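What follows is a set of notes on a single structure, which appears directly below.
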Amino acid sequence: MPIGLDASWERKIARGGLDPDFSLDLHGAGLDQAYSRLMHGLAQARALGARVVLVVTGKPRPTEAADRGQARGAIRAKIIDWLGASEHAGSIAAIRGAHRRHGGPGALYVVLKRRR
(Lines give C-alpha, C1' and ligand atoms only; values in the text may rest on other atoms or scores of the structure.)
Protein backbone atom coordinates (compact mmCIF):
# COMPACT_ATOMS: atom_id res chain seq x y z
CA MET A 1 0.00 0.00 0.00
CA PRO A 2 1.75 3.24 1.04
CA ILE A 3 5.21 3.88 -0.32
CA GLY A 4 7.95 5.67 1.52
CA LEU A 5 8.63 9.38 1.62
CA ASP A 6 11.93 10.97 0.79
CA ALA A 7 14.26 12.15 3.54
CA SER A 8 13.12 15.79 3.43
CA TRP A 9 9.51 14.75 4.18
CA GLU A 10 10.67 12.52 7.03
CA ARG A 11 12.74 15.40 8.51
CA LYS A 12 9.76 17.76 8.28
CA ILE A 13 7.58 15.26 10.12
CA ALA A 14 10.19 14.59 12.82
CA ARG A 15 10.79 18.31 13.44
CA GLY A 16 7.11 19.25 13.44
CA GLY A 17 7.54 21.36 10.32
CA LEU A 18 4.75 19.72 8.37
CA ASP A 19 1.56 21.77 8.09
CA PRO A 20 -1.55 19.76 7.24
CA ASP A 21 -3.68 21.00 4.36
CA PHE A 22 -6.82 19.35 5.72
CA SER A 23 -7.91 17.94 9.10
CA LEU A 24 -10.35 15.21 10.08
CA ASP A 25 -11.34 14.72 13.71
CA LEU A 26 -12.62 11.19 14.33
CA HIS A 27 -11.95 11.28 18.07
CA GLY A 28 -15.00 10.26 20.09
CA ALA A 29 -17.02 8.96 17.14
CA GLY A 30 -18.40 5.43 16.95
CA LEU A 31 -16.73 3.07 14.48
CA ASP A 32 -19.39 3.39 11.77
CA GLN A 33 -19.48 7.16 12.05
CA ALA A 34 -15.66 7.40 12.10
CA TYR A 35 -15.35 5.24 8.98
CA SER A 36 -17.93 7.35 7.14
CA ARG A 37 -16.24 10.61 8.19
CA LEU A 38 -12.85 9.26 7.11
CA MET A 39 -14.01 8.18 3.65
CA HIS A 40 -15.99 11.37 3.03
CA GLY A 41 -13.20 13.55 4.42
CA LEU A 42 -10.52 11.95 2.26
CA ALA A 43 -12.70 12.37 -0.83
CA GLN A 44 -13.15 16.03 0.06
CA ALA A 45 -9.42 16.51 0.74
CA ARG A 46 -8.53 14.94 -2.61
CA ALA A 47 -11.08 17.12 -4.42
CA LEU A 48 -9.51 20.20 -2.84
CA GLY A 49 -6.01 19.08 -3.86
CA ALA A 50 -4.79 18.57 -0.28
CA ARG A 51 -1.50 16.78 0.09
CA VAL A 52 -1.27 16.25 3.87
CA VAL A 53 -4.34 15.23 5.85
CA LEU A 54 -4.20 15.26 9.65
CA VAL A 55 -6.47 12.54 11.03
CA VAL A 56 -7.19 12.79 14.77
CA THR A 57 -8.10 9.34 16.07
CA GLY A 58 -7.56 9.63 19.79
CA LYS A 59 -4.72 7.96 21.60
CA PRO A 60 -4.31 4.22 21.23
CA ARG A 61 -5.29 2.12 24.20
CA PRO A 62 -3.94 -1.30 25.03
CA THR A 63 -6.78 -3.64 24.06
CA GLU A 64 -7.16 -7.26 23.24
CA ALA A 65 -7.77 -7.99 19.57
CA ALA A 66 -11.31 -9.20 20.30
CA ASP A 67 -12.16 -5.91 22.06
CA ARG A 68 -11.05 -3.53 19.31
CA GLY A 69 -14.55 -3.08 17.97
CA GLN A 70 -15.84 -1.60 21.22
CA ALA A 71 -13.02 -0.44 23.49
CA ARG A 72 -11.44 3.00 23.62
CA GLY A 73 -8.79 3.30 20.96
CA ALA A 74 -10.85 1.24 18.51
CA ILE A 75 -10.64 3.86 15.73
CA ARG A 76 -6.86 3.99 16.02
CA ALA A 77 -6.71 0.19 15.94
CA LYS A 78 -8.76 -0.01 12.72
CA ILE A 79 -7.72 3.03 10.70
CA ILE A 80 -4.77 1.46 8.86
CA ASP A 81 -6.95 -1.43 7.71
CA TRP A 82 -9.70 0.98 6.67
CA LEU A 83 -7.28 3.06 4.62
CA GLY A 84 -5.67 0.03 3.00
CA ALA A 85 -9.00 -1.43 1.90
CA SER A 86 -10.60 1.85 0.82
CA GLU A 87 -11.12 3.43 -2.58
CA HIS A 88 -8.47 5.95 -1.48
CA ALA A 89 -5.67 3.37 -1.01
CA GLY A 90 -4.14 4.07 -4.42
CA SER A 91 -3.98 7.79 -3.64
CA ILE A 92 -2.04 7.41 -0.38
CA ALA A 93 1.71 7.94 -0.52
CA ALA A 94 2.36 7.35 3.19
CA ILE A 95 0.86 7.23 6.65
CA ARG A 96 2.92 8.56 9.54
CA GLY A 97 2.38 9.31 13.19
CA ALA A 98 1.72 12.98 13.85
CA HIS A 99 4.15 15.29 15.59
CA ARG A 100 3.16 16.13 19.15
CA ARG A 101 2.10 19.65 18.13
CA HIS A 102 -0.57 18.01 15.96
CA GLY A 103 -1.68 15.37 18.45
CA GLY A 104 1.26 12.97 18.72
CA PRO A 105 0.11 9.41 19.32
CA GLY A 106 -3.53 10.50 19.00
CA ALA A 107 -3.21 11.52 15.35
CA LEU A 108 -1.81 10.50 11.98
CA TYR A 109 -0.66 12.23 8.83
CA VAL A 110 -2.07 10.72 5.65
CA VAL A 111 0.12 11.95 2.81
CA LEU A 112 -1.69 11.86 -0.50
CA LYS A 113 0.04 11.36 -3.84
CA ARG A 114 0.25 14.27 -6.20
CA ARG A 115 -2.45 14.39 -8.82
CA ARG A 116 -1.23 13.85 -12.35
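Naming scheme: A, B, ... for chains in displayed order of the C-alpha coordinates; residues 1 onward per chain; ligands 1 onward as shown.
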
Residue list (strand (DSSP E or B), DSSP) for segment 18-48 of chain A, as an NGL selection string: :A and (22-25)

Residue neighbourhood Leu83 of chain A, 12 Å, only C-alpha atoms, exclusion window fewer than 4 positions, as number ranges by chain: A: 1-2, 35-36, 38-39, 42, 55, 75-79, 87-95, 108, 110-112

Next, dump the selected residues to file, keeping only N, CA and C atoms, as a PDB file, in the first residue's frame.
```pdb
ATOM      1  N   MET A   1       0.827  -1.191   0.000  1.00  0.00           N
ATOM      2  CA  MET A   1       0.000   0.000   0.000  1.00  0.00           C
ATOM      3  C   MET A   1       0.871   1.255   0.000  1.00  0.00           C
ATOM      4  N   PRO A   2       1.003   2.006   1.115  1.00  0.00           N
ATOM      5  CA  PRO A   2       1.750   3.243   1.042  1.00  0.00           C
ATOM      6  C   PRO A   2       3.228   3.026   0.764  1.00  0.00           C
ATOM      7  N   TYR A  35     -15.675   5.745  10.319  1.00  0.00           N
ATOM      8  CA  TYR A  35     -15.353   5.238   8.980  1.00  0.00           C
ATOM      9  C   TYR A  35     -15.978   6.145   7.916  1.00  0.00           C
ATOM     10  N   SER A  36     -17.230   6.489   8.098  1.00  0.00           N
ATOM     11  CA  SER A  36     -17.925   7.349   7.140  1.00  0.00           C
ATOM     12  C   SER A  36     -17.255   8.719   7.040  1.00  0.00           C
ATOM     13  N   LEU A  38     -14.168   9.439   7.725  1.00  0.00           N
ATOM     14  CA  LEU A  38     -12.851   9.262   7.110  1.00  0.00           C
ATOM     15  C   LEU A  38     -12.965   9.174   5.595  1.00  0.00           C
ATOM     16  N   MET A  39     -13.868   8.346   5.104  1.00  0.00           N
ATOM     17  CA  MET A  39     -14.010   8.176   3.654  1.00  0.00           C
ATOM     18  C   MET A  39     -14.480   9.469   2.991  1.00  0.00           C
ATOM     19  N   LEU A  42     -11.609  12.160   3.211  1.00  0.00           N
ATOM     20  CA  LEU A  42     -10.519  11.948   2.255  1.00  0.00           C
ATOM     21  C   LEU A  42     -10.953  12.298   0.837  1.00  0.00           C
ATOM     22  N   VAL A  55      -5.334  13.314  10.559  1.00  0.00           N
ATOM     23  CA  VAL A  55      -6.475  12.540  11.031  1.00  0.00           C
ATOM     24  C   VAL A  55      -6.311  12.328  12.537  1.00  0.00           C
ATOM     25  N   ILE A  75     -10.844   3.182  17.024  1.00  0.00           N
ATOM     26  CA  ILE A  75     -10.636   3.858  15.735  1.00  0.00           C
ATOM     27  C   ILE A  75      -9.178   3.756  15.349  1.00  0.00           C
ATOM     28  N   ARG A  76      -8.300   4.052  16.293  1.00  0.00           N
ATOM     29  CA  ARG A  76      -6.863   3.994  16.018  1.00  0.00           C
ATOM     30  C   ARG A  76      -6.442   2.576  15.614  1.00  0.00           C
ATOM     31  N   ALA A  77      -7.057   1.579  16.236  1.00  0.00           N
ATOM     32  CA  ALA A  77      -6.713   0.189  15.941  1.00  0.00           C
ATOM     33  C   ALA A  77      -7.161  -0.221  14.541  1.00  0.00           C
ATOM     34  N   LYS A  78      -8.197   0.401  14.008  1.00  0.00           N
ATOM     35  CA  LYS A  78      -8.760  -0.009  12.724  1.00  0.00           C
ATOM     36  C   LYS A  78      -8.369   0.874  11.549  1.00  0.00           C
ATOM     37  N   ILE A  79      -7.872   2.061  11.774  1.00  0.00           N
ATOM     38  CA  ILE A  79      -7.717   3.029  10.698  1.00  0.00           C
ATOM     39  C   ILE A  79      -6.774   2.579   9.585  1.00  0.00           C
ATOM     40  N   GLU A  87     -11.285   2.935  -1.212  1.00  0.00           N
ATOM     41  CA  GLU A  87     -11.115   3.426  -2.580  1.00  0.00           C
ATOM     42  C   GLU A  87     -10.008   4.474  -2.657  1.00  0.00           C
ATOM     43  N   HIS A  88      -9.526   4.945  -1.521  1.00  0.00           N
ATOM     44  CA  HIS A  88      -8.467   5.948  -1.480  1.00  0.00           C
ATOM     45  C   HIS A  88      -7.066   5.332  -1.391  1.00  0.00           C
ATOM     46  N   ALA A  89      -6.974   4.027  -1.231  1.00  0.00           N
ATOM     47  CA  ALA A  89      -5.675   3.372  -1.010  1.00  0.00           C
ATOM     48  C   ALA A  89      -4.654   3.721  -2.083  1.00  0.00           C
ATOM     49  N   GLY A  90      -5.065   3.758  -3.328  1.00  0.00           N
ATOM     50  CA  GLY A  90      -4.143   4.070  -4.417  1.00  0.00           C
ATOM     51  C   GLY A  90      -3.687   5.513  -4.449  1.00  0.00           C
ATOM     52  N   SER A  91      -4.331   6.372  -3.687  1.00  0.00           N
ATOM     53  CA  SER A  91      -3.980   7.794  -3.639  1.00  0.00           C
ATOM     54  C   SER A  91      -3.111   8.141  -2.440  1.00  0.00           C
ATOM     55  N   ILE A  92      -2.812   7.155  -1.600  1.00  0.00           N
ATOM     56  CA  ILE A  92      -2.041   7.408  -0.379  1.00  0.00           C
ATOM     57  C   ILE A  92      -0.568   7.101  -0.626  1.00  0.00           C
ATOM     58  N   ALA A  93       0.267   8.114  -0.379  1.00  0.00           N
ATOM     59  CA  ALA A  93       1.714   7.942  -0.523  1.00  0.00           C
ATOM     60  C   ALA A  93       2.324   7.382   0.754  1.00  0.00           C
ATOM     61  N   ALA A  94       1.804   7.804   1.908  1.00  0.00           N
ATOM     62  CA  ALA A  94       2.363   7.351   3.189  1.00  0.00           C
ATOM     63  C   ALA A  94       1.409   7.687   4.324  1.00  0.00           C
ATOM     64  N   ILE A  95       1.588   6.956   5.408  1.00  0.00           N
ATOM     65  CA  ILE A  95       0.864   7.226   6.654  1.00  0.00           C
ATOM     66  C   ILE A  95       1.927   7.286   7.747  1.00  0.00           C
ATOM     67  N   LEU A 108      -2.624  10.995  13.092  1.00  0.00           N
ATOM     68  CA  LEU A 108      -1.811  10.497  11.981  1.00  0.00           C
ATOM     69  C   LEU A 108      -1.784  11.521  10.851  1.00  0.00           C
ATOM     70  N   VAL A 110      -1.863  11.506   6.862  1.00  0.00           N
ATOM     71  CA  VAL A 110      -2.073  10.715   5.654  1.00  0.00           C
ATOM     72  C   VAL A 110      -1.573  11.601   4.522  1.00  0.00           C
ATOM     73  N   VAL A 111      -0.476  11.174   3.893  1.00  0.00           N
ATOM     74  CA  VAL A 111       0.124  11.955   2.812  1.00  0.00           C
ATOM     75  C   VAL A 111      -0.423  11.401   1.503  1.00  0.00           C
ATOM     76  N   LEU A 112      -1.078  12.275   0.753  1.00  0.00           N
ATOM     77  CA  LEU A 112      -1.687  11.855  -0.501  1.00  0.00           C
ATOM     78  C   LEU A 112      -0.708  12.079  -1.654  1.00  0.00           C
TER      79      LEU A 112
END
```

Skipping near chain neighbours, those fewer than 3 positions away, what residues fall within 7 Å of Ala14 of chain A using only C-alpha atoms, listed as a PDB file with N, CA, C and O atoms, in the first residue's frame?
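Output below, filename result-v4.pdb:
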```
ATOM      1  N   GLU A  10      10.479  13.154   5.721  1.00  0.00           N
ATOM      2  CA  GLU A  10      10.673  12.518   7.031  1.00  0.00           C
ATOM      3  C   GLU A  10      11.236  13.516   8.044  1.00  0.00           C
ATOM      4  O   GLU A  10      10.832  13.531   9.197  1.00  0.00           O
ATOM      5  N   ARG A  11      12.173  14.371   7.612  1.00  0.00           N
ATOM      6  CA  ARG A  11      12.739  15.398   8.509  1.00  0.00           C
ATOM      7  C   ARG A  11      11.662  16.399   8.921  1.00  0.00           C
ATOM      8  O   ARG A  11      11.583  16.793  10.081  1.00  0.00           O
ATOM      9  N   HIS A  99       3.284  14.625  14.636  1.00  0.00           N
ATOM     10  CA  HIS A  99       4.153  15.293  15.590  1.00  0.00           C
ATOM     11  C   HIS A  99       3.306  15.694  16.801  1.00  0.00           C
ATOM     12  O   HIS A  99       2.093  15.896  16.678  1.00  0.00           O
TER      13      HIS A  99
END
```

Alpha helix (DSSP H) per DSSP on the backbone: members of chain A, as number ranges by chain: A: 7-15, 31-47, 74-85

Polymer residues at most 8 Å from Tyr109 of chain A, only C-alpha atoms, same-chain spacing of 6 or more positions, as a list in words: Pro20, Val52, Val53, Leu54, Val55, Ile95, Arg96, Gly97 and Ala98 of chain A

A:Gly49, A:Gly84, A:Gly41, A:Gly103 ranked by distance to Leu24 of chain A, top pick (using only C-alpha atoms): A:Gly41
